[in-house]
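Below is input_16.pdb, which holds PDB, C-alpha atoms.
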```
ATOM      1  CA  MET V1049      46.172 104.013  84.361
ATOM      2  CA  TYR V1050      49.540 103.787  82.603
ATOM      3  CA  LEU V1051      48.328 106.525  80.269
ATOM      4  CA  ILE V1052      48.081 108.875  83.252
ATOM      5  CA  LYS V1053      51.567 107.869  84.389
ATOM      6  CA  VAL V1054      52.961 108.621  80.920
ATOM      7  CA  GLY V1055      51.226 112.014  80.951
ATOM      8  CA  ILE V1056      52.550 112.908  84.388
ATOM      9  CA  GLU V1057      56.135 111.836  83.754
ATOM     10  CA  ASN V1058      56.567 112.552  80.060
ATOM     11  CA  GLY V1059      54.056 115.176  79.014
ATOM     12  CA  LEU V1060      51.033 115.531  76.832
ATOM     13  CA  ARG V1061      52.491 114.547  73.450
ATOM     14  CA  LYS V1062      53.813 111.205  74.646
ATOM     15  CA  ALA V1063      50.566 110.491  76.482
ATOM     16  CA  LEU V1064      48.587 111.301  73.335
ATOM     17  CA  GLY V1065      50.880 108.973  71.379
ATOM     18  CA  PHE V1066      50.190 106.273  73.954
ATOM     19  CA  ALA V1067      46.432 106.913  73.653
ATOM     20  CA  PHE V1068      46.718 106.651  69.869
ATOM     21  CA  GLY V1069      48.443 103.274  70.294
ATOM     22  CA  ILE V1070      45.522 102.103  72.433
ATOM     23  CA  LEU V1071      43.140 103.245  69.697
ATOM     24  CA  LEU V1072      45.119 101.345  67.049
ATOM     25  CA  SER V1073      45.106  98.127  69.081
ATOM     26  CA  ASP V1074      41.349  98.419  69.597
ATOM     27  CA  LEU V1075      40.947  98.875  65.837
ATOM     28  CA  VAL V1076      43.005  95.737  65.174
ATOM     29  CA  LEU V1077      40.972  93.730  67.698
ATOM     30  CA  LEU V1078      37.716  94.981  66.210
ATOM     31  CA  ALA V1079      38.907  94.056  62.725
ATOM     32  CA  LEU V1080      39.847  90.561  63.919
ATOM     33  CA  ILE V1081      36.435  90.134  65.542
ATOM     34  CA  PHE V1082      34.645  91.536  62.498
ATOM     35  CA  PHE V1083      36.441  89.159  60.146
ATOM     36  CA  GLY V1084      35.433  86.137  62.196
ATOM     37  CA  PHE V1085      38.314  85.561  64.591
ATOM     38  CA  SER V1086      36.137  85.905  67.704
ATOM     39  CA  SER V1087      35.842  82.115  68.008
ATOM     40  CA  PHE V1088      39.653  81.879  67.885
ATOM     41  CA  LEU V1089      40.042  84.672  70.441
ATOM     42  CA  THR V1090      37.670  82.912  72.848
ATOM     43  CA  HIS V1091      39.048  79.393  72.277
ATOM     44  CA  PRO V1092      40.236  77.824  75.560
ATOM     45  CA  GLN V1093      43.771  77.079  74.290
ATOM     46  CA  PHE V1094      44.212  80.647  73.034
ATOM     47  CA  LYS V1095      42.935  82.033  76.331
ATOM     48  CA  LEU V1096      45.296  79.758  78.268
ATOM     49  CA  TRP V1097      48.457  80.705  76.388
ATOM     50  CA  PHE V1098      47.518  84.340  75.934
ATOM     51  CA  SER V1099      46.792  84.741  79.664
ATOM     52  CA  LEU V1100      50.013  82.951  80.588
ATOM     53  CA  ILE V1101      52.219  85.048  78.283
ATOM     54  CA  SER V1102      50.400  88.284  79.127
ATOM     55  CA  GLY V1103      50.629  87.555  82.834
ATOM     56  CA  LEU V1104      54.372  86.978  82.657
ATOM     57  CA  LEU V1105      54.951  90.138  80.618
ATOM     58  CA  ILE V1106      52.785  92.252  82.901
ATOM     59  CA  VAL V1107      54.569  90.954  86.035
ATOM     60  CA  VAL V1108      57.927  91.863  84.473
ATOM     61  CA  PHE V1109      56.514  95.256  83.486
ATOM     62  CA  GLY V1110      55.307  95.804  87.067
ATOM     63  CA  LEU V1111      58.674  94.873  88.565
ATOM     64  CA  VAL V1112      60.456  97.252  86.193
ATOM     65  CA  PHE V1113      58.124 100.047  87.326
ATOM     66  CA  PHE V1114      58.607  99.231  90.968
ATOM     67  CA  PHE V1115      62.399  99.422  90.795
ATOM     68  CA  LYS V1116      62.642 102.215  88.205
ATOM     69  CA  LYS V1117      64.732 105.250  89.113
ATOM     70  CA  VAL V1118      63.218 108.633  88.314
ATOM     71  CA  PRO V1119      65.713 111.190  87.047
ATOM     72  CA  THR V1120      64.765 114.807  87.739
ATOM     73  CA  ALA V1121      64.949 115.662  84.028
ATOM     74  CA  GLN V1122      62.090 113.235  83.427
ATOM     75  CA  LEU V1123      59.720 115.528  85.299
ATOM     76  CA  ARG V1124      59.890 118.211  82.610
ATOM     77  CA  GLU V1125      58.114 118.326  79.267
ATOM     78  CA  ILE V1126      60.821 117.324  76.820
ATOM     79  CA  ASP V1127      60.703 117.982  73.089
ATOM     80  CA  ILE V1128      60.393 114.604  71.454
ATOM     81  CA  LYS V1129      61.456 113.332  68.095
ATOM     82  CA  GLY V1130      59.273 111.214  65.846
ATOM     83  CA  GLY V1131      61.007 108.001  66.927
ATOM     84  CA  GLN V1132      60.205 108.626  70.569
ATOM     85  CA  LEU V1133      56.577 109.305  69.741
ATOM     86  CA  LEU V1134      56.421 106.043  67.768
ATOM     87  CA  LEU V1135      57.784 104.253  70.819
ATOM     88  CA  TYR V1136      54.883 105.533  72.929
ATOM     89  CA  ILE V1137      52.386 104.601  70.224
ATOM     90  CA  ALA V1138      53.892 101.088  70.217
ATOM     91  CA  LYS V1139      53.735 100.929  74.030
ATOM     92  CA  GLY V1140      50.067 101.924  74.021
ATOM     93  CA  PHE V1141      49.334  99.357  71.330
ATOM     94  CA  GLY V1142      51.229  96.576  73.082
ATOM     95  CA  ILE V1143      49.888  97.108  76.577
ATOM     96  CA  ASN V1144      46.296  97.324  75.367
ATOM     97  CA  PHE V1145      46.642  94.426  72.931
ATOM     98  CA  LEU V1146      48.271  92.128  75.520
ATOM     99  CA  ASN V1147      45.466  92.697  77.993
ATOM    100  CA  PRO V1148      43.173  89.638  77.851
ATOM    101  CA  PHE V1149      40.354  91.726  79.288
ATOM    102  CA  THR V1150      40.454  93.987  76.229
ATOM    103  CA  ILE V1151      39.651  91.014  74.011
ATOM    104  CA  ALA V1152      36.973  89.780  76.400
ATOM    105  CA  VAL V1153      35.366  93.223  76.605
ATOM    106  CA  TRP V1154      35.217  93.702  72.834
ATOM    107  CA  VAL V1155      33.902  90.183  72.204
ATOM    108  CA  GLY V1156      31.360  90.688  74.993
ATOM    109  CA  ILE V1157      30.247  94.116  73.832
ATOM    110  CA  LEU V1158      29.876  93.095  70.220
ATOM    111  CA  GLY V1159      28.189  89.839  71.236
ATOM    112  CA  SER V1160      25.635  91.664  73.348
ATOM    113  CA  VAL V1161      24.989  94.445  70.839
ATOM    114  CA  SER V1162      25.057  92.128  67.796
ATOM    115  CA  PRO V1163      25.274  94.626  64.922
ATOM    116  CA  THR V1164      23.264  93.210  62.026
ATOM    117  CA  SER V1165      25.001  94.952  59.136
ATOM    118  CA  ARG V1166      28.484  96.087  58.220
ATOM    119  CA  GLN V1167      27.357  99.711  58.411
ATOM    120  CA  GLU V1168      25.849  99.215  61.867
ATOM    121  CA  PHE V1169      29.043  97.472  63.070
ATOM    122  CA  VAL V1170      31.277 100.246  61.739
ATOM    123  CA  SER V1171      29.056 103.009  63.129
ATOM    124  CA  PHE V1172      28.892 101.393  66.561
ATOM    125  CA  ALA V1173      32.632 100.648  66.664
ATOM    126  CA  LEU V1174      33.628 104.151  65.560
ATOM    127  CA  GLY V1175      31.277 105.703  68.107
ATOM    128  CA  VAL V1176      32.677 103.640  70.974
ATOM    129  CA  LEU V1177      36.280 104.167  69.846
ATOM    130  CA  GLY V1178      35.666 107.908  69.551
ATOM    131  CA  VAL V1179      34.382 108.087  73.115
ATOM    132  CA  ILE V1180      37.311 106.002  74.402
ATOM    133  CA  PHE V1181      39.865 108.159  72.569
ATOM    134  CA  LEU V1182      38.215 111.365  73.816
ATOM    135  CA  ALA V1183      38.338 110.049  77.402
ATOM    136  CA  ASP V1184      41.990 109.040  76.975
ATOM    137  CA  THR V1185      42.819 112.475  75.550
ATOM    138  CA  LEU V1186      41.197 114.172  78.545
ATOM    139  CA  LYS V1187      43.111 111.876  80.916
ATOM    140  CA  ALA V1188      46.383 112.754  79.141
ATOM    141  CA  TYR V1189      45.671 116.468  79.398
ATOM    142  CA  GLY V1190      44.716 116.190  83.068
ATOM    143  CA  ALA V1191      47.820 114.133  83.810
ATOM    144  CA  LYS V1192      50.008 116.808  82.237
ATOM    145  CA  LYS V1193      48.468 119.415  84.566
ATOM    146  CA  ILE V1194      48.904 117.153  87.599
ATOM    147  CA  GLY V1195      52.480 116.303  86.580
ATOM    148  CA  ALA V1196      53.501 119.939  86.828
ATOM    149  CA  LEU V1197      52.597 119.850  90.529
ATOM    150  CA  LEU V1198      54.491 116.669  91.463
ATOM    151  CA  ASN V1199      58.038 116.257  92.698
ATOM    152  CA  GLU V1200      60.552 113.427  92.282
ATOM    153  CA  LYS V1201      59.525 111.698  95.522
ATOM    154  CA  THR V1202      55.863 111.631  94.494
ATOM    155  CA  ILE V1203      56.754 110.257  91.065
ATOM    156  CA  ARG V1204      58.826 107.513  92.716
ATOM    157  CA  ARG V1205      55.833 106.590  94.881
ATOM    158  CA  LEU V1206      53.596 106.601  91.818
ATOM    159  CA  ASN V1207      56.043 104.249  90.053
ATOM    160  CA  ARG V1208      56.028 101.878  93.019
ATOM    161  CA  ALA V1209      52.232 101.903  93.213
ATOM    162  CA  MET V1210      51.979 101.275  89.465
ATOM    163  CA  GLY V1211      54.550  98.500  89.800
ATOM    164  CA  LEU V1212      52.525  96.793  92.510
ATOM    165  CA  ILE V1213      49.291  97.179  90.554
ATOM    166  CA  PHE V1214      50.785  95.787  87.338
ATOM    167  CA  THR V1215      52.426  92.922  89.228
ATOM    168  CA  ALA V1216      49.104  92.060  90.893
ATOM    169  CA  ILE V1217      47.303  92.159  87.539
ATOM    170  CA  GLY V1218      49.983  89.935  86.006
ATOM    171  CA  ILE V1219      49.661  87.453  88.873
ATOM    172  CA  TYR V1220      45.892  87.462  88.366
ATOM    173  CA  PHE V1221      46.367  86.568  84.679
ATOM    174  CA  LEU V1222      48.812  83.810  85.635
ATOM    175  CA  ALA V1223      46.290  82.418  88.136
ATOM    176  CA  TYR V1224      43.579  82.648  85.484
ATOM    177  CA  SER V1225      45.754  80.705  83.011
ATOM    178  CA  TRP V1226      46.358  78.105  85.746
ATOM    179  CA  GLN V1227      42.579  77.671  86.136
ATOM    180  CA  LEU V1228      42.201  77.205  82.373
ATOM    181  CA  ARG V1229      44.569  74.220  82.216
TER     182      ARG V1229
END
```
Represent the structure from my file as structure tokens, please.
Amino acid sequence: MYLIKVGIENGLRKALGFAFGILLSDLVLLALIFFGFSSFLTHPQFKLWFSLISGLLIVVFGLVFFFKKVPTAQLREIDIKGGQLLLYIAKGFGINFLNPFTIAVWVGILGSVSPTSRQEFVSFALGVLGVIFLADTLKAYGAKKIGALLNEKTIRRLNRAMGLIFTAIGIYFLAYSWQLR
């Protein structure tokens, strides 16, 4: 969802950078699972602290979105420098990596599929990651097209909606960490 927001407000290149960050975080999680960290990632203490920290960060992120001002210049495609693109890659990585559901989904998928060999694991993972990245690329492209049609007021409303959604998700993670204690 944030990928679409990035595409609408900041253009295709930044959204693709964000999507690439998501891909990188999925690769890191898959590597951790492959090398035997899945028991650590599903350990109750890890889940408790990870959900608590993620929940707090996501609530803060949501509040920032909700109160964010939208300058008119932000609605145009802006030429970006390498450093700005790296920032969006890092944002994509961080948001995806801090999502406890991402870990749960990958552990669940790989647990249910149970690849029996390294080659089967790599083939399956690359196939799934390819489909995810293709879908994210299409979302980024579509968001760029939609962004050209939106005005400042609509973007402000989108920010507020995203802020509320992220805050609700963060509160959910905090409640989940409370249940784990």
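The shortest atom-to-atom distance to Leu1177 (chain V), with all atoms listed in the file taken into account, belongs to V:Phe1068 out of V:Tyr1050, V:Phe1094, V:Phe1068, V:Phe1115.
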* Between V:Gln1227, V:Ser1102, V:Ser1073, V:Asn1199, single out the one closest to Lys1139 (chain V), counting all atoms listed in the file. => V:Ser1073
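Comparing the minimum interatomic distances between Ser1165 (chain V) and each of V:Ile1070, V:Ser1225, V:Phe1082, V:Asn1144, counting all atoms listed in the file, we find that V:Phe1082 sits nearest.
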* I need the residue set behind the PyMOL selection byres ((chain V and resi 1114) around 10) for this file; please write it as number ranges by chain. => V: 1108-1113, 1115-1117, 1204-1215
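The closest residue to Trp1154 (chain V), picked from V:Phe1141, V:Phe1066, V:Phe1085, V:Tyr1224 and counting all atoms listed in the file, is V:Phe1085.
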* Nearest to Gly1055 (chain V) by atom-to-atom distance, counting all atoms listed in the file, from V:Lys1187, V:His1091, V:Lys1201, V:Arg1166 -> V:Lys1187
* To do: Please determine the residues with any atom at most 12 Å from (49.5, 106.6, 69.4) (coordinates as given in the file, with all atoms listed in the file counting) and report them as a PyMOL selection string.
  => chain V and resi 1051+1060-1074+1130-1144+1181+1184-1185+1188
Can you write out the residues you just picked, keeping C-alpha atoms, as a tab-separated table (two decimals), in the coordinates of the input?
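Output contents, as saved in result-v8.tsv:
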```tsv
chain	number	residue	atom	x	y	z
V	1051	LEU	CA	48.33	106.52	80.27
V	1060	LEU	CA	51.03	115.53	76.83
V	1061	ARG	CA	52.49	114.55	73.45
V	1062	LYS	CA	53.81	111.20	74.65
V	1063	ALA	CA	50.57	110.49	76.48
V	1064	LEU	CA	48.59	111.30	73.33
V	1065	GLY	CA	50.88	108.97	71.38
V	1066	PHE	CA	50.19	106.27	73.95
V	1067	ALA	CA	46.43	106.91	73.65
V	1068	PHE	CA	46.72	106.65	69.87
V	1069	GLY	CA	48.44	103.27	70.29
V	1070	ILE	CA	45.52	102.10	72.43
V	1071	LEU	CA	43.14	103.24	69.70
V	1072	LEU	CA	45.12	101.34	67.05
V	1073	SER	CA	45.11	98.13	69.08
V	1074	ASP	CA	41.35	98.42	69.60
V	1130	GLY	CA	59.27	111.21	65.85
V	1131	GLY	CA	61.01	108.00	66.93
V	1132	GLN	CA	60.20	108.63	70.57
V	1133	LEU	CA	56.58	109.30	69.74
V	1134	LEU	CA	56.42	106.04	67.77
V	1135	LEU	CA	57.78	104.25	70.82
V	1136	TYR	CA	54.88	105.53	72.93
V	1137	ILE	CA	52.39	104.60	70.22
V	1138	ALA	CA	53.89	101.09	70.22
V	1139	LYS	CA	53.74	100.93	74.03
V	1140	GLY	CA	50.07	101.92	74.02
V	1141	PHE	CA	49.33	99.36	71.33
V	1142	GLY	CA	51.23	96.58	73.08
V	1143	ILE	CA	49.89	97.11	76.58
V	1144	ASN	CA	46.30	97.32	75.37
V	1181	PHE	CA	39.86	108.16	72.57
V	1184	ASP	CA	41.99	109.04	76.97
V	1185	THR	CA	42.82	112.48	75.55
V	1188	ALA	CA	46.38	112.75	79.14
```
* Expected selection from the PyMOL selection byres ((chain V and resi 1191) around 8), given as JSON, numbers by chain -> {"V": [1052, 1053, 1055, 1056, 1059, 1060, 1187, 1188, 1189, 1190, 1192, 1193, 1194, 1195]}
* Tell me which residues the PyMOL selection byres ((chain V and resi 1152) around 12) grabs here, as a PyMOL selection string. => chain V and resi 1074+1077-1078+1081+1086-1091+1095+1098-1099+1145-1151+1153-1160
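Of note, CA of Leu1075 (chain V) and CA of Val1176 (chain V) are spaced 10.8 Å apart.
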* Which is closer to Gly1218 (chain V) than all the others in V:Glu1057, V:Gly1084, V:Ile1106, V:Ala1079, using only C-alpha atoms? -> V:Ile1106
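CA of Thr1164 (chain V) lies 21.6 Å from CA of Val1179 (chain V).
CA of Met1049 (chain V) to CA of Trp1097 (chain V) spans 24.7 Å [interatomic distance, one decimal].
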